[in-house]
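**Student:** So that we are looking at the same thing, I have put the structure below in structure tokens.
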Amino acid sequence: MASSTSPSLEPSKPSDLAPVLDPSELTKTDIRPSLYPTLDLTKEPVDFALFQAVPLDLMLKLHFVPVHERDGALWLAMADPLDVITQDLLRMQLKRPLRFAGAPQAQILEVLKKSESGQKVMDEAGEALKVQVLREEDLDDEVLDLERITDKDEAPIIRLVDTTIFNALQRRASDIHMETTATGFQIKYRIDGCLYAAAEPIDKRFASPIISRIKVMSELDIAEKRKPQDGRFKLKVRGRAIDFRVSIMPTIHGEDSVIRILDKENLSEEFKSLSLDILGFSAHELAKIRRFSREPYGMFLVTGPTGSGKTTTLYAVLTEIRSPEDKLITIEDPVEYQLEGVTQIPVNEKKGLTFAVGLRSILRHDPDKILVGEIRDSETAQIAIQSALTGHLVFTTVHANNTLDVLGRFQHMGVEVYNFVSALNCILAQRLVRTLCPKCKHPIAPPSPQELIDNGVDPAWATSATFYEKVGCVDCNGTGFRGRQAIIEFMGMNDELRELITKRASIRDIKAAARRHGMQTLRESALEKVRLGLTTFAEINKVTFTEGA
């Protein structure tokens, strides 16, 4: 699976060796100068399929990782490739031709650390449930402790649930899906917007105890199996408090559960300094967003389906514009990130704290800037518009397919068009596309002219593009993708657009005017990601229409 740009693994003469590391550093990284080639594992992708085929215990014990398979031999990276005793042991254990290369021990341990996410423990826990009848369900008054996932004496149900959650956090999952089918019980993770099986299906008879364990953790009624239930629980993992939102739903085969992971303190390192720069916007898109986010008053509206990154974009905007001189207040359902210097209010509909009620109270606290998590009804829309018209800068979201669909959405909620366009500064429609793993993506030849036409682009467009395909490595869990970036459609309001909307002009005329003023469609933004080699046609076709080009 290695590309032609991968470093050669063939042994060289001492005079020809060009180690990645400076010779003076060799003693620090435990690599001895030798006839063996040296690798930089931060640049050389580790083949995910080979990594899965070699026993994890053996790699952890002997500190090596498989790199490539060439000419019938498996290449292993070791800190000391001259250790013949370890080499002989590996030949006996793996029972196949082996070749060896050197790599810094710190890099080898880092690769192993990425794999040590509880997957092996989870597989073992699931395996136990396939063959073992659960003899006890002492689930009450238990406290979830992720440190005990390797405890062999722990009840299998508790151990499986603990490990499932821990593994999900390690693999950057946003949701955990537990599905009861006719043939078994399947656990899946949603990573970068796509579902992946967490382990092999387990016996269906264990579905009810597992769901009951989730109910106990969420303080739900374990006896109620015919109605949907919603709850939440909280864990402290490595010093970080993480909320989990739980939904239980009855199906024809039993009960299903979806656990949404709400990491308020943000596990991702790059989001600790959340800003618009890390979300993948182009330079001209950033300039527009920053300009309109610093207006003195009005409404900054973001639209898109659930899970399209609307809240993250608005949080990035707030992070950039917050100032000790201004009072920023948000009302959200739920509060997903904690922002220093911002007053954040969670919606609690059971106690009567809705968006509309909370927004009225917020206005009595003399805010300068307000974030309304979502406009769901006419009352909230009317209050938000009045706030924008009376000197407040209001950031909010609404569910619509694109910038122009927002207009119909507000009209459907009974909002007066004139007031709406007077308050509106801009509309930003957003989607997320998976980006290719930078470590293992492989360049390919441009698609055929017909393929380009089918994707809505002129064949001449391909002359300025570099195309890649997904491969899969340890860094991306073998998926070929790592992370997502935003594609947007941004419409800044001006006098011409306000006049057209007020006169109820056709969508075609409004769109044409917006394009004249520089609006780029979602499809065009997505195609730019393909042109830069960040994603593929298959990915952008999942979230944009070809005819939108």
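Here's how to read the names in the structure tokens: chain A, B, ... by the order shown, residue numbers from 1 in each chain, ligand numbers from 1 in the order shown.
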So that each row is one residue of region 371-463 of chain A with an atom at most 9 Å from region 519-539 of chain A, can you give its shortest atom pair and the distance in Å to one decimal, using only C-alpha atoms, rows by chain and rising number, as a Markdown table?
**Tutor:**
```
| residue | atom | partner | partner_atom | distance |
| --- | --- | --- | --- | --- |
| A:Asn402 | CA | A:Leu522 | CA | 8.1 |
| A:Ala429 | CA | A:Leu522 | CA | 7.7 |
| A:Gln430 | CA | A:Leu522 | CA | 7.5 |
| A:Arg431 | CA | A:Leu522 | CA | 7.9 |
| A:Val433 | CA | A:Glu539 | CA | 6.3 |
| A:Arg434 | CA | A:Thr535 | CA | 6.6 |
| A:Thr435 | CA | A:Thr535 | CA | 4.9 |
| A:Leu436 | CA | A:Thr535 | CA | 5.4 |
| A:Cys437 | CA | A:Leu534 | CA | 8.6 |
| A:Pro438 | CA | A:Leu534 | CA | 8.3 |
| A:Pro443 | CA | A:Gly533 | CA | 8.6 |
| A:Asn455 | CA | A:Phe537 | CA | 7.4 |
| A:Val457 | CA | A:Leu527 | CA | 8.6 |
| A:Trp461 | CA | A:Arg531 | CA | 8.5 |
| A:Ala462 | CA | A:Arg531 | CA | 7.6 |
```
**Student:** Since we have the selection now, will you write its residues out, keeping C-alpha atoms, as a PDB file, in the first residue's frame?
**Tutor:**
```pdb
ATOM      1  CA  ASN A 402     -29.026  26.571   1.993  1.00  0.00           C
ATOM      2  CA  ALA A 429     -24.948  27.797   5.086  1.00  0.00           C
ATOM      3  CA  GLN A 430     -22.551  25.049   6.135  1.00  0.00           C
ATOM      4  CA  ARG A 431     -21.730  21.355   5.681  1.00  0.00           C
ATOM      5  CA  VAL A 433     -16.747  16.931   4.510  1.00  0.00           C
ATOM      6  CA  ARG A 434     -14.262  14.314   5.626  1.00  0.00           C
ATOM      7  CA  THR A 435     -10.652  15.135   4.770  1.00  0.00           C
ATOM      8  CA  LEU A 436      -8.138  12.576   3.562  1.00  0.00           C
ATOM      9  CA  CYS A 437      -5.571  11.404   6.085  1.00  0.00           C
ATOM     10  CA  PRO A 438      -2.468  13.516   5.301  1.00  0.00           C
ATOM     11  CA  PRO A 443      -1.918  10.642  -5.455  1.00  0.00           C
ATOM     12  CA  ASN A 455     -19.388  15.625 -11.231  1.00  0.00           C
ATOM     13  CA  VAL A 457     -17.046  20.393 -13.637  1.00  0.00           C
ATOM     14  CA  TRP A 461     -10.683  22.372 -14.318  1.00  0.00           C
ATOM     15  CA  ALA A 462      -8.632  19.234 -13.603  1.00  0.00           C
TER      16      ALA A 462
END
```
**Student:** Would you give me, as a ChimeraX atom specification, the residues in region 173-391 of chain A that DSSP reads as strand (DSSP E)?
**Tutor:** /A:175-180,185-191,194-197,229-237,240-251,254-262,298-303,328-332,343-346,369-372
**Student:** Name the closest residue to Gly373 (chain A) among the candidates A:Leu389, A:Val342, A:Val421, A:Leu301; distances are taken between atoms, counting only C-alpha atoms.
**Tutor:**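 Looking only at the distances to Gly373 (chain A), the closest residue turns out to be A:Leu301.
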**Student:** Output as a Markdown table one row per residue of region 379-484 of chain A within 12 Å of region 322-338 of chain A: the closest atom pair and its distance in Å to one decimal place, counting only C-alpha atoms, sorted by chain and residue number ascending.
**Tutor:**
```
| residue | atom | partner | partner_atom | distance |
| --- | --- | --- | --- | --- |
| A:Thr380 | CA | A:Ile331 | CA | 11.5 |
| A:Ala384 | CA | A:Ile331 | CA | 11.8 |
| A:His392 | CA | A:Leu328 | CA | 10.3 |
| A:Leu393 | CA | A:Leu328 | CA | 9.7 |
| A:Val394 | CA | A:Thr330 | CA | 9.7 |
| A:Phe395 | CA | A:Thr330 | CA | 9.0 |
| A:Thr396 | CA | A:Thr330 | CA | 9.6 |
| A:Thr397 | CA | A:Glu332 | CA | 10.6 |
```
**Student:** Give me the residues within 12 Å of region 409-412 of chain A as a PyMOL selection string, counting only C-alpha atoms and dropping any in the same chain fewer than 6 places off.
**Tutor:** chain A and resi 301+303+375-382+384-385+397-403+418-421+424+501-502+504
**Student:** Would you mind telling me which residue in A:Val415, A:Ile261, A:Leu314, A:Ile488 lies nearest to Val372 (chain A) when using only C-alpha atoms?
**Tutor:** A:Leu314
**Student:** May I have the residues within 12 Å of region 249-256 of chain A as number ranges by chain, using only C-alpha atoms and disregarding those fewer than 2 positions away in the same chain?
**Tutor:** A: 176-188, 204-212, 214-215, 222, 224-231, 246-247, 258-259
**Student:** What separation in Å, quoted to one decimal, exists between CA of Asp83 (chain A) and CA of Phe100 (chain A)?
**Tutor:**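 Between CA of Asp83 (chain A) and CA of Phe100 (chain A) the gap is 10.1 Å.
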**Student:** Using only C-alpha atoms, which residues sit within 12 Å of Ser448 (chain A) once same-chain residues fewer than 2 positions away are excluded, as a PyMOL selection string?
**Tutor:** chain A and resi 444-446+450-455+457-463+467
**Student:** Between A:Asp243, A:Asp475, A:Asp495, A:Asp47, which is the closest to Asn425 (chain A) once you count only C-alpha atoms?
**Tutor:**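 Closest to Asn425 (chain A) of all the choices is A:Asp495.
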**Student:** May I have the residues within 10 Å of His68 (chain A) as a list in words, using only C-alpha atoms and disregarding those fewer than 4 positions away in the same chain?
**Tutor:**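 Selected residues are Met1, Ala2, Leu9, Glu44, Pro45, Val46, Asp47, Phe48, Ala49, Leu50, Phe51, Ala73, Leu74, Trp75, Leu76, Ala77 and Arg99 of chain A.
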**Student:** So that I have them on file, write out the residues from the current selection with N, CA, C and O atoms, as a PDB file, in the first residue's frame.
**Tutor:**
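Output below, filename out37.pdb:
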```pdb
ATOM      1  N   MET A   1       0.813  -1.204   0.000  1.00  0.00           N
ATOM      2  CA  MET A   1       0.000   0.000   0.000  1.00  0.00           C
ATOM      3  C   MET A   1       0.848   1.255   0.000  1.00  0.00           C
ATOM      4  O   MET A   1       0.366   2.360   0.021  1.00  0.00           O
ATOM      5  N   ALA A   2       2.128   1.069   0.065  1.00  0.00           N
ATOM      6  CA  ALA A   2       3.022   2.207   0.122  1.00  0.00           C
ATOM      7  C   ALA A   2       3.056   2.910  -1.205  1.00  0.00           C
ATOM      8  O   ALA A   2       2.952   2.331  -2.264  1.00  0.00           O
ATOM      9  N   LEU A   9      13.344   0.791   1.773  1.00  0.00           N
ATOM     10  CA  LEU A   9      13.629  -0.043   2.933  1.00  0.00           C
ATOM     11  C   LEU A   9      14.764  -1.000   2.666  1.00  0.00           C
ATOM     12  O   LEU A   9      15.052  -1.869   3.485  1.00  0.00           O
ATOM     13  N   GLU A  44       6.327   8.278   7.735  1.00  0.00           N
ATOM     14  CA  GLU A  44       6.072   7.003   7.075  1.00  0.00           C
ATOM     15  C   GLU A  44       4.796   6.380   7.643  1.00  0.00           C
ATOM     16  O   GLU A  44       4.735   6.018   8.816  1.00  0.00           O
ATOM     17  N   PRO A  45       3.706   6.284   6.860  1.00  0.00           N
ATOM     18  CA  PRO A  45       2.470   5.705   7.396  1.00  0.00           C
ATOM     19  C   PRO A  45       2.631   4.229   7.718  1.00  0.00           C
ATOM     20  O   PRO A  45       3.265   3.483   6.984  1.00  0.00           O
ATOM     21  N   VAL A  46       2.072   3.830   8.846  1.00  0.00           N
ATOM     22  CA  VAL A  46       2.092   2.424   9.253  1.00  0.00           C
ATOM     23  C   VAL A  46       0.845   1.753   8.695  1.00  0.00           C
ATOM     24  O   VAL A  46      -0.278   2.188   8.960  1.00  0.00           O
ATOM     25  N   ASP A  47       1.039   0.709   7.897  1.00  0.00           N
ATOM     26  CA  ASP A  47      -0.065   0.005   7.227  1.00  0.00           C
ATOM     27  C   ASP A  47      -1.050  -0.523   8.264  1.00  0.00           C
ATOM     28  O   ASP A  47      -0.712  -1.344   9.110  1.00  0.00           O
ATOM     29  N   PHE A  48      -2.304  -0.023   8.199  1.00  0.00           N
ATOM     30  CA  PHE A  48      -3.299  -0.384   9.208  1.00  0.00           C
ATOM     31  C   PHE A  48      -3.639  -1.871   9.159  1.00  0.00           C
ATOM     32  O   PHE A  48      -3.798  -2.518  10.194  1.00  0.00           O
ATOM     33  N   ALA A  49      -3.743  -2.441   7.948  1.00  0.00           N
ATOM     34  CA  ALA A  49      -4.092  -3.863   7.818  1.00  0.00           C
ATOM     35  C   ALA A  49      -3.015  -4.744   8.441  1.00  0.00           C
ATOM     36  O   ALA A  49      -3.327  -5.723   9.137  1.00  0.00           O
ATOM     37  N   LEU A  50      -1.743  -4.422   8.207  1.00  0.00           N
ATOM     38  CA  LEU A  50      -0.663  -5.195   8.810  1.00  0.00           C
ATOM     39  C   LEU A  50      -0.653  -5.030  10.324  1.00  0.00           C
ATOM     40  O   LEU A  50      -0.402  -5.973  11.068  1.00  0.00           O
ATOM     41  N   PHE A  51      -0.935  -3.816  10.762  1.00  0.00           N
ATOM     42  CA  PHE A  51      -0.950  -3.540  12.200  1.00  0.00           C
ATOM     43  C   PHE A  51      -2.013  -4.386  12.899  1.00  0.00           C
ATOM     44  O   PHE A  51      -1.802  -4.892  14.006  1.00  0.00           O
ATOM     45  N   ALA A  73       8.137 -10.402   2.205  1.00  0.00           N
ATOM     46  CA  ALA A  73       8.704 -10.228   3.547  1.00  0.00           C
ATOM     47  C   ALA A  73       8.003  -9.084   4.270  1.00  0.00           C
ATOM     48  O   ALA A  73       7.633  -8.077   3.664  1.00  0.00           O
ATOM     49  N   LEU A  74       7.827  -9.259   5.575  1.00  0.00           N
ATOM     50  CA  LEU A  74       7.215  -8.228   6.405  1.00  0.00           C
ATOM     51  C   LEU A  74       8.316  -7.379   7.024  1.00  0.00           C
ATOM     52  O   LEU A  74       9.210  -7.894   7.697  1.00  0.00           O
ATOM     53  N   TRP A  75       8.250  -6.079   6.797  1.00  0.00           N
ATOM     54  CA  TRP A  75       9.245  -5.162   7.356  1.00  0.00           C
ATOM     55  C   TRP A  75       8.769  -4.668   8.713  1.00  0.00           C
ATOM     56  O   TRP A  75       7.644  -4.180   8.862  1.00  0.00           O
ATOM     57  N   LEU A  76       9.643  -4.787   9.715  1.00  0.00           N
ATOM     58  CA  LEU A  76       9.343  -4.337  11.069  1.00  0.00           C
ATOM     59  C   LEU A  76      10.291  -3.209  11.449  1.00  0.00           C
ATOM     60  O   LEU A  76      11.486  -3.268  11.168  1.00  0.00           O
ATOM     61  N   ALA A  77       9.755  -2.191  12.117  1.00  0.00           N
ATOM     62  CA  ALA A  77      10.577  -1.086  12.623  1.00  0.00           C
ATOM     63  C   ALA A  77      10.868  -1.340  14.101  1.00  0.00           C
ATOM     64  O   ALA A  77       9.949  -1.534  14.900  1.00  0.00           O
ATOM     65  N   ARG A  99      12.034  -8.651   7.601  1.00  0.00           N
ATOM     66  CA  ARG A  99      13.141  -7.724   7.367  1.00  0.00           C
ATOM     67  C   ARG A  99      13.024  -6.622   8.411  1.00  0.00           C
ATOM     68  O   ARG A  99      11.916  -6.319   8.889  1.00  0.00           O
TER      69      ARG A  99
END
```
